[in-house]
$ cat input.cif   # mmCIF, C-alpha atoms
data_input
loop_
_atom_site.label_atom_id
_atom_site.label_comp_id
_atom_site.auth_asym_id
_atom_site.auth_seq_id
_atom_site.Cartn_x
_atom_site.Cartn_y
_atom_site.Cartn_z
CA MET A 1 194.61 151.31 -56.78
CA GLU A 2 195.42 150.01 -60.21
CA ARG A 3 193.27 147.21 -61.52
CA PHE A 4 194.79 144.46 -63.60
CA PRO A 5 192.55 142.65 -66.07
CA ARG A 6 192.01 139.16 -64.79
CA GLN A 7 193.53 136.45 -66.93
CA PRO A 8 190.92 134.17 -68.51
CA MET A 9 190.83 130.49 -67.52
CA SER A 10 192.82 128.44 -69.95
CA VAL A 11 191.57 125.23 -71.61
CA LEU A 12 193.61 122.75 -73.62
CA VAL A 13 191.49 120.81 -76.11
CA VAL A 14 192.84 117.49 -77.40
CA ASP A 15 191.10 115.39 -80.06
CA ASP A 16 192.41 113.61 -83.13
CA GLU A 17 189.26 114.55 -85.03
CA ALA A 18 189.67 118.09 -86.35
CA SER A 19 185.95 118.82 -86.57
CA VAL A 20 185.47 117.99 -82.88
CA ARG A 21 188.51 120.04 -81.88
CA LYS A 22 187.26 123.06 -83.81
CA PHE A 23 183.77 122.76 -82.37
CA VAL A 24 184.98 122.54 -78.78
CA GLU A 25 187.37 125.45 -79.40
CA ARG A 26 184.54 127.54 -80.78
CA VAL A 27 182.07 126.77 -77.98
CA LEU A 28 184.46 127.22 -75.07
CA GLY A 29 186.07 130.22 -76.78
CA ASP A 30 182.60 131.81 -77.01
CA ALA A 31 182.18 131.15 -73.30
CA GLY A 32 185.23 133.30 -72.60
CA TYR A 33 187.93 130.70 -72.04
CA LYS A 34 191.37 130.97 -73.56
CA ILE A 35 191.82 127.94 -75.82
CA ALA A 36 194.83 125.95 -76.95
CA THR A 37 194.47 122.80 -79.09
CA ALA A 38 196.41 119.67 -79.90
CA SER A 39 195.64 116.68 -82.09
CA ASP A 40 197.24 113.99 -79.94
CA GLY A 41 198.80 113.28 -76.56
CA PRO A 42 202.47 114.08 -77.31
CA GLU A 43 201.50 117.35 -79.00
CA ALA A 44 199.26 118.18 -76.04
CA LEU A 45 202.16 117.80 -73.59
CA GLU A 46 204.30 120.03 -75.79
CA VAL A 47 201.60 122.69 -76.02
CA ALA A 48 200.93 122.48 -72.28
CA GLY A 49 204.58 123.25 -71.60
CA LYS A 50 204.23 126.60 -73.36
CA LEU A 51 201.00 127.72 -71.71
CA GLU A 52 201.09 130.60 -69.24
CA ARG A 53 198.33 128.99 -67.26
CA PHE A 54 196.52 125.68 -67.60
CA ASP A 55 193.19 125.12 -65.86
CA VAL A 56 191.25 122.50 -67.80
CA LEU A 57 192.16 119.61 -70.09
CA VAL A 58 189.34 118.56 -72.42
CA THR A 59 190.41 115.34 -74.07
CA ASP A 60 189.19 112.57 -76.31
CA VAL A 61 189.79 109.10 -74.87
CA MET A 62 190.59 106.92 -77.89
CA MET A 63 193.54 108.52 -79.66
CA PRO A 64 196.47 107.03 -81.52
CA GLN A 65 199.89 107.20 -79.81
CA MET A 66 198.58 108.05 -76.36
CA THR A 67 195.13 107.46 -74.88
CA GLY A 68 193.29 110.30 -73.18
CA ASP A 69 193.59 108.43 -69.93
CA GLU A 70 197.38 108.24 -70.16
CA LEU A 71 197.56 111.89 -71.18
CA ALA A 72 195.45 112.81 -68.16
CA ARG A 73 197.76 110.83 -65.88
CA ARG A 74 200.80 112.73 -67.14
CA VAL A 75 199.05 116.08 -67.00
CA ARG A 76 197.95 115.42 -63.43
CA THR A 77 201.53 114.65 -62.44
CA ALA A 78 203.08 117.65 -64.19
CA TYR A 79 200.30 120.16 -63.47
CA PRO A 80 198.52 119.26 -60.25
CA GLY A 81 195.13 120.94 -59.93
CA VAL A 82 194.25 120.83 -63.60
CA LYS A 83 190.66 119.69 -64.08
CA ILE A 84 189.98 117.03 -66.67
CA LEU A 85 186.95 116.53 -68.90
CA TYR A 86 186.91 113.38 -71.03
CA LEU A 87 184.87 113.47 -74.20
CA THR A 88 183.88 109.87 -74.63
CA GLY A 89 182.46 109.07 -78.01
CA PHE A 90 183.62 105.54 -77.84
CA SER A 91 183.81 104.32 -74.33
CA ASP A 92 186.71 102.04 -74.78
CA ARG A 93 187.79 99.20 -72.58
CA LEU A 94 190.68 101.14 -71.12
CA PHE A 95 188.37 103.75 -69.77
CA LYS A 96 185.98 101.15 -68.43
CA GLU A 97 188.76 99.38 -66.58
CA LYS A 98 189.65 102.64 -64.93
CA GLY A 99 186.57 102.09 -62.78
CA THR A 100 186.34 105.36 -60.97
CA LEU A 101 187.11 108.94 -61.79
CA TRP A 102 189.36 111.23 -59.78
CA ALA A 103 187.79 114.09 -57.88
CA ASP A 104 188.70 116.67 -60.51
CA GLU A 105 187.47 114.66 -63.45
CA ALA A 106 184.22 114.27 -65.33
CA PHE A 107 183.15 112.82 -68.60
CA LEU A 108 180.73 113.89 -71.23
CA ASP A 109 179.23 111.65 -73.89
CA LYS A 110 179.65 112.53 -77.54
CA PRO A 111 177.77 113.92 -79.32
CA CYS A 112 177.57 116.66 -76.69
CA SER A 113 175.50 119.80 -76.88
CA VAL A 114 176.81 123.37 -76.77
CA LYS A 115 175.19 123.90 -73.40
CA GLY A 116 176.32 120.54 -72.05
CA LEU A 117 179.92 121.29 -72.89
CA GLN A 118 179.90 124.74 -71.33
CA GLN A 119 178.14 123.44 -68.24
CA ALA A 120 180.54 120.54 -67.80
CA VAL A 121 183.60 122.81 -67.85
CA SER A 122 181.90 125.27 -65.55
CA LEU A 123 180.93 122.50 -63.16
CA LEU A 124 184.53 121.32 -62.97
CA LEU A 125 185.93 124.81 -62.43
CA TYR A 126 183.31 126.42 -60.23
CA GLY A 127 181.20 123.54 -58.95
CA ARG A 128 178.11 124.95 -60.67
CA VAL A 129 176.67 124.77 -64.18
CA ASP A 130 176.60 128.52 -64.82
CA ALA A 131 180.02 130.09 -64.63
CA PRO A 132 180.17 133.41 -62.75
CA GLN A 133 180.53 136.07 -65.44
CA ASP A 134 183.46 137.95 -63.93
CA SER A 135 185.62 135.03 -62.93
CA ARG A 136 186.72 133.91 -66.37
CA MET B 1 180.18 62.58 -81.93
CA THR B 2 180.61 64.22 -85.31
CA THR B 3 177.39 66.14 -84.81
CA VAL B 4 178.50 67.37 -81.39
CA LEU B 5 181.82 68.55 -82.79
CA THR B 6 180.22 70.26 -85.75
CA THR B 7 177.75 72.03 -83.50
CA ARG B 8 180.56 73.14 -81.22
CA ARG B 9 182.62 74.36 -84.17
CA ARG B 10 179.66 76.26 -85.48
CA ARG B 11 179.17 77.84 -82.07
CA VAL B 12 182.81 78.97 -81.94
CA ALA B 13 182.56 80.35 -85.47
CA ARG B 14 179.41 82.20 -84.53
CA ARG B 15 181.06 83.72 -81.48
CA ASP B 16 183.99 84.87 -83.65
CA ASP B 17 181.60 86.43 -86.14
CA GLU B 18 179.85 88.16 -83.29
CA LYS B 19 183.12 89.63 -82.04
CA ILE B 20 183.97 90.98 -85.48
CA VAL B 21 180.54 92.57 -85.83
CA GLU B 22 180.83 94.04 -82.32
CA ARG B 23 184.19 95.57 -83.15
CA LEU B 24 182.81 96.94 -86.40
CA ALA B 25 179.77 98.40 -84.62
CA GLY B 26 182.00 100.01 -82.00
CA GLY B 27 184.30 101.50 -84.65
CA ILE B 28 181.43 102.95 -86.67
CA ALA B 29 179.83 104.37 -83.53
CA HIS B 30 183.13 106.02 -82.56
CA ASP B 31 183.51 107.81 -85.89
CA PHE B 32 179.85 108.72 -86.12
CA ASN B 33 179.83 110.19 -82.64
CA ASN B 34 182.72 112.45 -83.61
CA LEU B 35 181.00 113.57 -86.80
CA LEU B 36 177.66 113.99 -85.04
CA THR B 37 179.32 116.17 -82.41
CA ALA B 38 180.23 118.59 -85.18
CA ILE B 39 176.96 118.26 -87.14
CA LEU B 40 174.67 118.65 -84.14
CA GLY B 41 176.93 121.17 -82.42
CA TYR B 42 177.16 123.61 -85.31
CA THR B 43 173.43 123.20 -85.98
CA GLU B 44 172.78 124.14 -82.36
CA LEU B 45 175.03 127.20 -82.70
CA LEU B 46 173.09 128.30 -85.80
CA LEU B 47 169.76 127.60 -84.10
CA ASN B 48 170.80 129.91 -81.28
CA GLU B 49 171.20 132.71 -83.82
CA HIS B 50 167.81 132.24 -85.49
CA GLY B 51 164.62 133.56 -83.91
CA ARG B 52 161.39 131.60 -83.68
CA ASP B 53 159.80 133.23 -86.72
CA ASP B 54 162.83 132.77 -88.89
CA GLY B 55 162.05 130.53 -91.88
CA GLU B 56 165.52 129.05 -91.85
CA ARG B 57 165.04 127.90 -88.31
CA GLN B 58 162.66 125.16 -89.44
CA ASP B 59 165.25 123.82 -91.87
CA LEU B 60 167.84 123.81 -89.12
CA GLU B 61 165.46 122.02 -86.79
CA GLU B 62 165.02 119.28 -89.40
CA ILE B 63 168.81 118.84 -89.59
CA TRP B 64 168.96 118.74 -85.81
CA LYS B 65 166.17 116.16 -85.57
CA ALA B 66 167.77 113.90 -88.18
CA GLY B 67 171.07 114.23 -86.34
CA GLN B 68 169.43 113.27 -83.06
CA ARG B 69 167.95 110.21 -84.74
CA ALA B 70 171.39 109.26 -86.06
CA ALA B 71 172.78 109.73 -82.53
CA SER B 72 170.15 107.40 -81.14
CA ILE B 73 171.05 104.68 -83.66
CA THR B 74 174.72 105.22 -82.79
CA ARG B 75 173.92 104.77 -79.10
CA GLN B 76 172.22 101.49 -79.89
CA LEU B 77 175.22 100.41 -81.94
CA LEU B 78 177.42 101.17 -78.95
CA ALA B 79 175.12 99.23 -76.65
CA TYR B 80 175.31 96.27 -79.00
CA SER B 81 179.09 96.50 -79.20
CA ARG B 82 179.20 96.47 -75.37
CA GLN B 83 181.77 99.22 -75.45
CA GLN B 84 179.94 101.98 -73.72
CA VAL B 85 180.70 103.31 -70.28
CA LEU B 86 178.20 101.96 -67.81
CA LEU B 87 177.60 103.31 -64.34
CA PRO B 88 176.29 100.25 -62.59
CA THR B 89 174.48 100.68 -59.29
CA SER B 90 172.39 98.31 -57.22
CA VAL B 91 168.97 98.43 -58.79
CA ASP B 92 165.77 96.72 -57.69
CA VAL B 93 164.15 95.47 -60.89
CA ASN B 94 160.74 95.58 -59.16
CA GLU B 95 161.15 99.31 -58.64
CA VAL B 96 162.36 99.92 -62.19
CA VAL B 97 159.35 98.13 -63.64
CA SER B 98 156.82 99.93 -61.44
CA GLY B 99 158.62 103.24 -62.07
CA LEU B 100 158.32 102.75 -65.83
CA GLN B 101 154.68 101.72 -65.77
CA GLY B 102 153.31 105.18 -66.57
CA LEU B 103 155.74 105.72 -69.42
CA LEU B 104 155.02 102.26 -70.84
CA ALA B 105 151.27 102.84 -70.69
CA ARG B 106 151.73 105.99 -72.75
CA ALA B 107 153.81 104.10 -75.33
CA VAL B 108 150.98 101.70 -76.17
CA SER B 109 147.49 102.27 -77.52
CA GLU B 110 144.41 102.05 -75.30
CA ASP B 111 143.54 98.53 -76.38
CA VAL B 112 146.81 97.21 -74.97
CA ALA B 113 146.91 96.45 -71.24
CA ILE B 114 150.21 96.64 -69.39
CA ILE B 115 150.32 94.31 -66.40
CA CYS B 116 153.21 94.35 -63.94
CA GLU B 117 153.93 91.40 -61.71
CA PRO B 118 156.82 92.21 -59.39
CA ALA B 119 158.70 89.50 -57.50
CA PRO B 120 157.51 89.06 -53.88
CA GLU B 121 161.06 89.68 -52.61
CA SER B 122 163.39 92.50 -53.65
CA ALA B 123 165.09 91.72 -56.97
CA VAL B 124 168.40 93.54 -56.82
CA ILE B 125 170.96 93.47 -59.63
CA ARG B 126 174.02 95.54 -60.58
CA ILE B 127 173.30 97.51 -63.72
CA ASP B 128 173.29 100.94 -65.28
CA ARG B 129 169.69 101.90 -64.53
CA ALA B 130 169.24 103.97 -67.71
CA GLN B 131 170.44 101.01 -69.77
CA LEU B 132 168.02 98.63 -68.09
CA GLU B 133 165.17 101.04 -68.70
CA GLN B 134 166.18 101.30 -72.35
CA ALA B 135 166.16 97.51 -72.71
CA VAL B 136 162.72 97.20 -71.04
CA MET B 137 161.36 99.94 -73.26
CA THR B 138 162.68 98.14 -76.36
CA LEU B 139 161.01 94.87 -75.38
CA VAL B 140 157.71 96.57 -74.62
CA VAL B 141 157.71 98.53 -77.88
CA ASN B 142 158.37 95.29 -79.77
CA ALA B 143 155.54 93.60 -77.89
CA ARG B 144 153.28 96.51 -78.76
CA ASP B 145 154.15 96.15 -82.45
CA ALA B 146 153.16 92.48 -82.20
CA LEU B 147 149.69 93.53 -81.00
CA PRO B 148 148.18 95.40 -83.96
CA SER B 149 144.64 94.73 -82.74
CA GLY B 150 145.25 95.04 -79.01
CA GLY B 151 145.98 92.57 -76.27
CA GLN B 152 148.12 92.48 -73.17
CA ILE B 153 151.77 92.86 -72.24
CA ARG B 154 152.90 91.34 -68.96
CA LEU B 155 156.12 92.31 -67.20
CA GLU B 156 157.02 89.60 -64.70
CA VAL B 157 159.90 89.75 -62.27
CA ALA B 158 161.14 86.58 -60.58
CA ILE B 159 164.21 85.32 -58.79
CA LEU B 160 165.31 81.90 -59.97
CA HIS B 161 168.22 79.54 -59.81
CA ARG B 162 169.63 79.01 -63.29
CA SER B 163 171.93 76.21 -64.29
CA GLU B 164 173.85 75.83 -67.52
CA ALA B 165 170.95 73.90 -69.01
CA ASP B 166 168.79 77.03 -68.76
CA MET B 167 171.21 79.20 -70.72
CA PRO B 168 171.64 79.49 -74.46
CA ALA B 169 174.97 77.92 -75.44
CA GLU B 170 176.15 81.09 -77.17
CA GLN B 171 175.61 83.18 -74.02
CA PRO B 172 177.57 81.29 -71.37
CA SER B 173 177.00 82.61 -67.84
CA PRO B 174 177.87 81.19 -64.44
CA PRO B 175 175.13 79.14 -62.77
CA GLY B 176 173.47 80.75 -59.74
CA GLN B 177 170.68 83.06 -58.64
CA TYR B 178 169.27 85.25 -61.38
CA VAL B 179 166.67 87.96 -61.52
CA ARG B 180 164.47 87.26 -64.51
CA LEU B 181 162.49 90.04 -66.13
CA ARG B 182 160.07 88.60 -68.64
CA VAL B 183 158.10 90.65 -71.14
CA VAL B 184 155.21 88.51 -72.39
CA ASP B 185 152.68 89.44 -75.06
CA ASN B 186 149.77 87.57 -76.62
CA GLY B 187 150.43 88.96 -80.07
CA VAL B 188 151.26 87.62 -83.50
CA GLY B 189 154.41 85.73 -82.42
CA ILE B 190 157.66 85.28 -84.28
CA ALA B 191 158.21 82.89 -87.16
CA ALA B 192 160.61 80.05 -86.39
CA ASP B 193 163.04 81.03 -89.15
CA ALA B 194 163.35 84.57 -87.77
CA ARG B 195 164.10 83.51 -84.19
CA PRO B 196 167.82 82.68 -84.58
CA HIS B 197 168.46 86.16 -86.00
CA LEU B 198 166.50 88.27 -83.53
CA PHE B 199 169.49 89.65 -81.65
CA GLU B 200 171.60 90.34 -84.72
CA PRO B 201 172.16 94.00 -85.52
CA PHE B 202 170.00 95.46 -88.27
CA PHE B 203 167.74 92.42 -88.34
CA THR B 204 164.12 93.49 -88.40
CA THR B 205 160.78 91.96 -89.31
CA LYS B 206 159.04 95.31 -89.14
CA GLY B 207 159.52 96.30 -92.77
CA ILE B 208 161.72 98.96 -94.31
CA GLY B 209 161.63 102.29 -92.52
CA LYS B 210 159.68 100.98 -89.53
CA GLY B 211 162.42 99.70 -87.26
CA SER B 212 166.15 100.28 -87.13
CA GLY B 213 166.78 96.61 -86.38
CA MET B 214 168.95 97.74 -83.49
CA GLY B 215 166.46 97.49 -80.63
CA LEU B 216 166.90 93.83 -79.69
CA ALA B 217 170.60 93.89 -80.63
CA SER B 218 171.16 96.71 -78.14
CA ALA B 219 169.09 94.93 -75.46
CA TYR B 220 171.27 91.88 -76.05
CA GLY B 221 174.42 94.00 -75.64
CA ILE B 222 173.13 95.56 -72.42
CA VAL B 223 172.22 92.19 -70.93
CA ARG B 224 175.53 90.60 -71.91
CA GLN B 225 177.56 93.54 -70.64
CA SER B 226 175.78 93.09 -67.31
CA GLN B 227 176.84 89.42 -67.18
CA GLY B 228 173.34 88.20 -67.96
CA PHE B 229 171.62 86.38 -70.78
CA ILE B 230 168.47 86.80 -72.81
CA THR B 231 166.11 84.17 -74.16
CA VAL B 232 163.03 84.15 -76.31
CA GLU B 233 160.06 81.82 -76.61
CA SER B 234 157.43 82.33 -79.22
CA GLU B 235 154.47 80.59 -80.80
CA PRO B 236 153.20 82.13 -84.03
CA GLY B 237 149.63 83.25 -83.41
CA SER B 238 149.75 83.08 -79.62
CA GLY B 239 152.54 85.45 -78.57
CA SER B 240 156.14 85.88 -77.51
CA ALA B 241 158.09 86.03 -74.26
CA PHE B 242 161.47 87.69 -73.96
CA ALA B 243 163.31 86.94 -70.73
CA MET B 244 166.31 88.97 -69.56
CA HIS B 245 168.31 87.28 -66.82
CA PHE B 246 170.72 89.24 -64.60
CA PRO B 247 172.88 87.87 -61.79
CA ALA B 248 171.07 88.54 -58.50
CA VAL B 249 173.02 90.62 -56.01
CA THR B 250 173.26 89.37 -52.45
CA PRO B 251 172.87 91.97 -49.67
CA ALA B 252 176.57 91.73 -48.70
CA ILE B 253 177.77 92.68 -52.16
CA ARG B 254 175.10 95.30 -52.35
CA SER B 255 176.39 97.31 -49.41
CA VAL B 256 180.01 97.61 -50.60
CA GLY B 257 179.22 97.75 -54.30
CA ASP B 258 176.90 100.69 -54.44
CA LEU B 259 179.25 103.57 -55.10
CA HIS B 260 177.33 105.80 -57.41
CA PRO B 261 174.49 108.03 -56.34
CA GLN B 262 171.27 107.94 -58.32
CA GLY B 263 169.99 110.87 -60.27
CA ARG B 264 173.14 112.12 -61.96
CA PRO B 265 172.71 115.09 -64.26
CA ALA B 266 171.99 114.00 -67.81
CA ALA B 267 174.85 115.88 -69.43
CA VAL B 268 177.65 115.50 -66.95
CA ARG B 269 178.27 112.19 -65.38
CA ASN B 270 180.77 112.60 -62.61
CA PRO B 271 180.29 109.76 -60.18
CA ARG B 272 182.54 111.38 -57.60
CA ARG B 273 180.55 114.53 -57.22
CA GLY B 274 178.27 114.69 -54.23
CA ARG B 275 179.17 111.27 -52.99
#

$ encode --input "input.cif" --output "structure tokens"
Amino acid sequence: MERFPRQPMSVLVVDDEASVRKFVERVLGDAGYKIATASDGPEALEVAGKLERFDVLVTDVMMPQMTGDELARRVRTAYPGVKILYLTGFSDRLFKEKGTLWADEAFLDKPCSVKGLQQAVSLLLYGRVDAPQDSR
Amino acid sequence: MTTVLTTRRRRVARRDDEKIVERLAGGIAHDFNNLLTAILGYTELLLNEHGRDDGERQDLEEIWKAGQRAASITRQLLAYSRQQVLLPTSVDVNEVVSGLQGLLARAVSEDVAIICEPAPESAVIRIDRAQLEQAVMTLVVNARDALPSGGQIRLEVAILHRSEADMPAEQPSPPGQYVRLRVVDNGVGIAADARPHLFEPFFTTKGIGKGSGMGLASAYGIVRQSQGFITVESEPGSGSAFAMHFPAVTPAIRSVGDLHPQGRPAAVRNPRRGR
């Protein structure tokens, strides 16, 4: 029987701060995920439309044009099942008013550690902090 | 009449100033958290590549430590700006105080006695437990610094009815039942001219390099974000008492309000998980 290489899980990283975007890309890329990036909400939706698969959205909350919360709402509608990780450096009012998180959401405080970031994504995808090596 | 009006005007002006400073603090914290994510993150990546005996590792550790310190000041700025995400749960202040007792004892020298006086009944409030602990810690550390040659710090919990007359005018809160947590020391006290500025960010009497001046400002932010108020009484030479007041939670509210489980993982805070 022929074996096909499994496609890696795909993560879309959205942050208006380039240094954060690059860092998250580097860390999750090292962990074996396939990474796409965008610097704001509208660009993120455009990039998402071109992705072959889309498993996790890692997004900043306070962004010009479209908040991370609004982006998440649209992503959830267009791509049901996508997990969402908010990176909350500045826990803005909008996010506070949201009250509760959906089942497939989590948030991580900035500044976040390398390990914390990898564990958060893994927790969302696999329900455990250490991702199984062969499933990515 | 003129005096009343002037006082009121001054109060309004002060509240406006406070809002501007809060917004400024929140904005700075936002940008700094982004930059610190990169600074601390890349330092961590480099640390992972350097072995224990590597000379460069020590330099990297110094960068990491300074970054952590900057992150802690940023957290306090956020607390002051009241713009951080809180995960309030029903918390019994009696339990928090007794739970912290060991930690507090380690934070003071041997000639300082820590005495806890819980309320006879349960003293439940809605608050982010970690935030409350941070505020208590801040008050106790300040009390410790006011006791250079030893003394005692009392933590008293009480449930009281508070009317408008009991509240500072610049911290309006609804009258009703409050849980009061008082941190009382018999130390050097606070000079009268310093008292009006105690809760302002970056105000410190501890001397340059000794305090960030953000401790009491962040405690103030935490209390205000939890719909409470904070007061201070002090007599130079005989001590100070800081009193945090939080709205008491009635059992009915408690049962429907408590949505978040305790003991979330430090890094990931997903209130839904495991509920």

$ residues_around --input "input.cif" --residues "Lys34 of chain A" --least-positions-apart "4" --cutoff "10 Å" --atoms "only C-alpha atoms" --output "number ranges by chain"
A: 7-12, 25, 28-30, 53-55, 136

$ resolve_selection --input "input.cif" --expression "the PyMOL selection byres ((chain B and resi 77-80) around 12)" --output "VMD selection string"
(chain A and resid 88 to 92 109 to 110) or (chain B and resid 18 to 19 21 to 33 70 to 76 81 to 86 128 130 to 132 134 to 135 199 to 202 212 to 226)

$ write_last_selection --input "input.cif" --atoms "C-alpha atoms" --output "mmCIF file, keeping the file's coordinate frame"
data_model
loop_
_atom_site.group_PDB
_atom_site.id
_atom_site.type_symbol
_atom_site.label_atom_id
_atom_site.label_comp_id
_atom_site.auth_asym_id
_atom_site.auth_seq_id
_atom_site.Cartn_x
_atom_site.Cartn_y
_atom_site.Cartn_z
ATOM 1 C CA THR A 88 183.880 109.870 -74.630
ATOM 2 C CA GLY A 89 182.460 109.070 -78.010
ATOM 3 C CA PHE A 90 183.620 105.540 -77.840
ATOM 4 C CA SER A 91 183.810 104.320 -74.330
ATOM 5 C CA ASP A 92 186.710 102.040 -74.780
ATOM 6 C CA ASP A 109 179.230 111.650 -73.890
ATOM 7 C CA LYS A 110 179.650 112.530 -77.540
ATOM 8 C CA GLU B 18 179.850 88.160 -83.290
ATOM 9 C CA LYS B 19 183.120 89.630 -82.040
ATOM 10 C CA VAL B 21 180.540 92.570 -85.830
ATOM 11 C CA GLU B 22 180.830 94.040 -82.320
ATOM 12 C CA ARG B 23 184.190 95.570 -83.150
ATOM 13 C CA LEU B 24 182.810 96.940 -86.400
ATOM 14 C CA ALA B 25 179.770 98.400 -84.620
ATOM 15 C CA GLY B 26 182.000 100.010 -82.000
ATOM 16 C CA GLY B 27 184.300 101.500 -84.650
ATOM 17 C CA ILE B 28 181.430 102.950 -86.670
ATOM 18 C CA ALA B 29 179.830 104.370 -83.530
ATOM 19 C CA HIS B 30 183.130 106.020 -82.560
ATOM 20 C CA ASP B 31 183.510 107.810 -85.890
ATOM 21 C CA PHE B 32 179.850 108.720 -86.120
ATOM 22 C CA ASN B 33 179.830 110.190 -82.640
ATOM 23 C CA ALA B 70 171.390 109.260 -86.060
ATOM 24 C CA ALA B 71 172.780 109.730 -82.530
ATOM 25 C CA SER B 72 170.150 107.400 -81.140
ATOM 26 C CA ILE B 73 171.050 104.680 -83.660
ATOM 27 C CA THR B 74 174.720 105.220 -82.790
ATOM 28 C CA ARG B 75 173.920 104.770 -79.100
ATOM 29 C CA GLN B 76 172.220 101.490 -79.890
ATOM 30 C CA SER B 81 179.090 96.500 -79.200
ATOM 31 C CA ARG B 82 179.200 96.470 -75.370
ATOM 32 C CA GLN B 83 181.770 99.220 -75.450
ATOM 33 C CA GLN B 84 179.940 101.980 -73.720
ATOM 34 C CA VAL B 85 180.700 103.310 -70.280
ATOM 35 C CA LEU B 86 178.200 101.960 -67.810
ATOM 36 C CA ASP B 128 173.290 100.940 -65.280
ATOM 37 C CA ALA B 130 169.240 103.970 -67.710
ATOM 38 C CA GLN B 131 170.440 101.010 -69.770
ATOM 39 C CA LEU B 132 168.020 98.630 -68.090
ATOM 40 C CA GLN B 134 166.180 101.300 -72.350
ATOM 41 C CA ALA B 135 166.160 97.510 -72.710
ATOM 42 C CA PHE B 199 169.490 89.650 -81.650
ATOM 43 C CA GLU B 200 171.600 90.340 -84.720
ATOM 44 C CA PRO B 201 172.160 94.000 -85.520
ATOM 45 C CA PHE B 202 170.000 95.460 -88.270
ATOM 46 C CA SER B 212 166.150 100.280 -87.130
ATOM 47 C CA GLY B 213 166.780 96.610 -86.380
ATOM 48 C CA MET B 214 168.950 97.740 -83.490
ATOM 49 C CA GLY B 215 166.460 97.490 -80.630
ATOM 50 C CA LEU B 216 166.900 93.830 -79.690
ATOM 51 C CA ALA B 217 170.600 93.890 -80.630
ATOM 52 C CA SER B 218 171.160 96.710 -78.140
ATOM 53 C CA ALA B 219 169.090 94.930 -75.460
ATOM 54 C CA TYR B 220 171.270 91.880 -76.050
ATOM 55 C CA GLY B 221 174.420 94.000 -75.640
ATOM 56 C CA ILE B 222 173.130 95.560 -72.420
ATOM 57 C CA VAL B 223 172.220 92.190 -70.930
ATOM 58 C CA ARG B 224 175.530 90.600 -71.910
ATOM 59 C CA GLN B 225 177.560 93.540 -70.640
ATOM 60 C CA SER B 226 175.780 93.090 -67.310
#

$ resolve_selection --input "input.cif" --expression "the PyMOL selection byres ((chain B and resi 157-170) around 6)" --output "PyMOL selection string"
chain B and resi 118-119+156+171-172+175-181

$ closest_residue --input "input.cif" --among "A:Val20, A:Val14, A:Ala48, A:Val121" --to "chain B" --atoms "all atoms listed in the file"
A:Val20

$ atom_distance --input "input.cif" --atom1 "atom CA of Phe229 of chain B" --atom2 "atom CA of Ser173 of chain B"
7.2 Å

$ residues_around --input "input.cif" --residues "segment 66-73 of chain A" --least-positions-apart "3" --cutoff "9 Å" --atoms "all atoms listed in the file" --output "list in words"
Val14, Asp15, Asp40, Gly41, Pro42, Ala44, Leu45, Leu57, Thr59, Asp60, Val61, Met62, Met63, Arg76, Thr77, Ala78, Ile84, Tyr86, Leu94, Phe95 and Lys98 of chain A

$ build_atoms --input "input.cif" --residues "segment 17-26 of chain A" --atoms "N, CA and C atoms" --output "mmCIF file, in the frame of the given file"
data_model
loop_
_atom_site.group_PDB
_atom_site.id
_atom_site.type_symbol
_atom_site.label_atom_id
_atom_site.label_comp_id
_atom_site.auth_asym_id
_atom_site.auth_seq_id
_atom_site.Cartn_x
_atom_site.Cartn_y
_atom_site.Cartn_z
ATOM 1 N N GLU A 17 190.222 114.179 -83.986
ATOM 2 C CA GLU A 17 189.260 114.550 -85.030
ATOM 3 C C GLU A 17 189.162 116.071 -85.090
ATOM 4 N N ALA A 18 189.590 116.628 -86.233
ATOM 5 C CA ALA A 18 189.670 118.090 -86.350
ATOM 6 C C ALA A 18 188.321 118.769 -86.144
ATOM 7 N N SER A 19 187.247 118.148 -86.659
ATOM 8 C CA SER A 19 185.950 118.820 -86.570
ATOM 9 C C SER A 19 185.489 118.923 -85.105
ATOM 10 N N VAL A 20 185.821 117.928 -84.303
ATOM 11 C CA VAL A 20 185.470 117.990 -82.880
ATOM 12 C C VAL A 20 186.300 119.068 -82.184
ATOM 13 N N ARG A 21 187.593 119.073 -82.498
ATOM 14 C CA ARG A 21 188.510 120.040 -81.880
ATOM 15 C C ARG A 21 188.031 121.479 -82.144
ATOM 16 N N LYS A 22 187.697 121.713 -83.412
ATOM 17 C CA LYS A 22 187.260 123.060 -83.810
ATOM 18 C C LYS A 22 185.978 123.454 -83.102
ATOM 19 N N PHE A 23 185.062 122.485 -83.004
ATOM 20 C CA PHE A 23 183.770 122.760 -82.370
ATOM 21 C C PHE A 23 183.965 123.100 -80.887
ATOM 22 N N VAL A 24 184.756 122.305 -80.204
ATOM 23 C CA VAL A 24 184.980 122.540 -78.780
ATOM 24 C C VAL A 24 185.681 123.884 -78.580
ATOM 25 N N GLU A 25 186.641 124.175 -79.461
ATOM 26 C CA GLU A 25 187.370 125.450 -79.400
ATOM 27 C C GLU A 25 186.396 126.620 -79.549
ATOM 28 N N ARG A 26 185.506 126.474 -80.517
ATOM 29 C CA ARG A 26 184.540 127.540 -80.780
ATOM 30 C C ARG A 26 183.620 127.759 -79.567
#
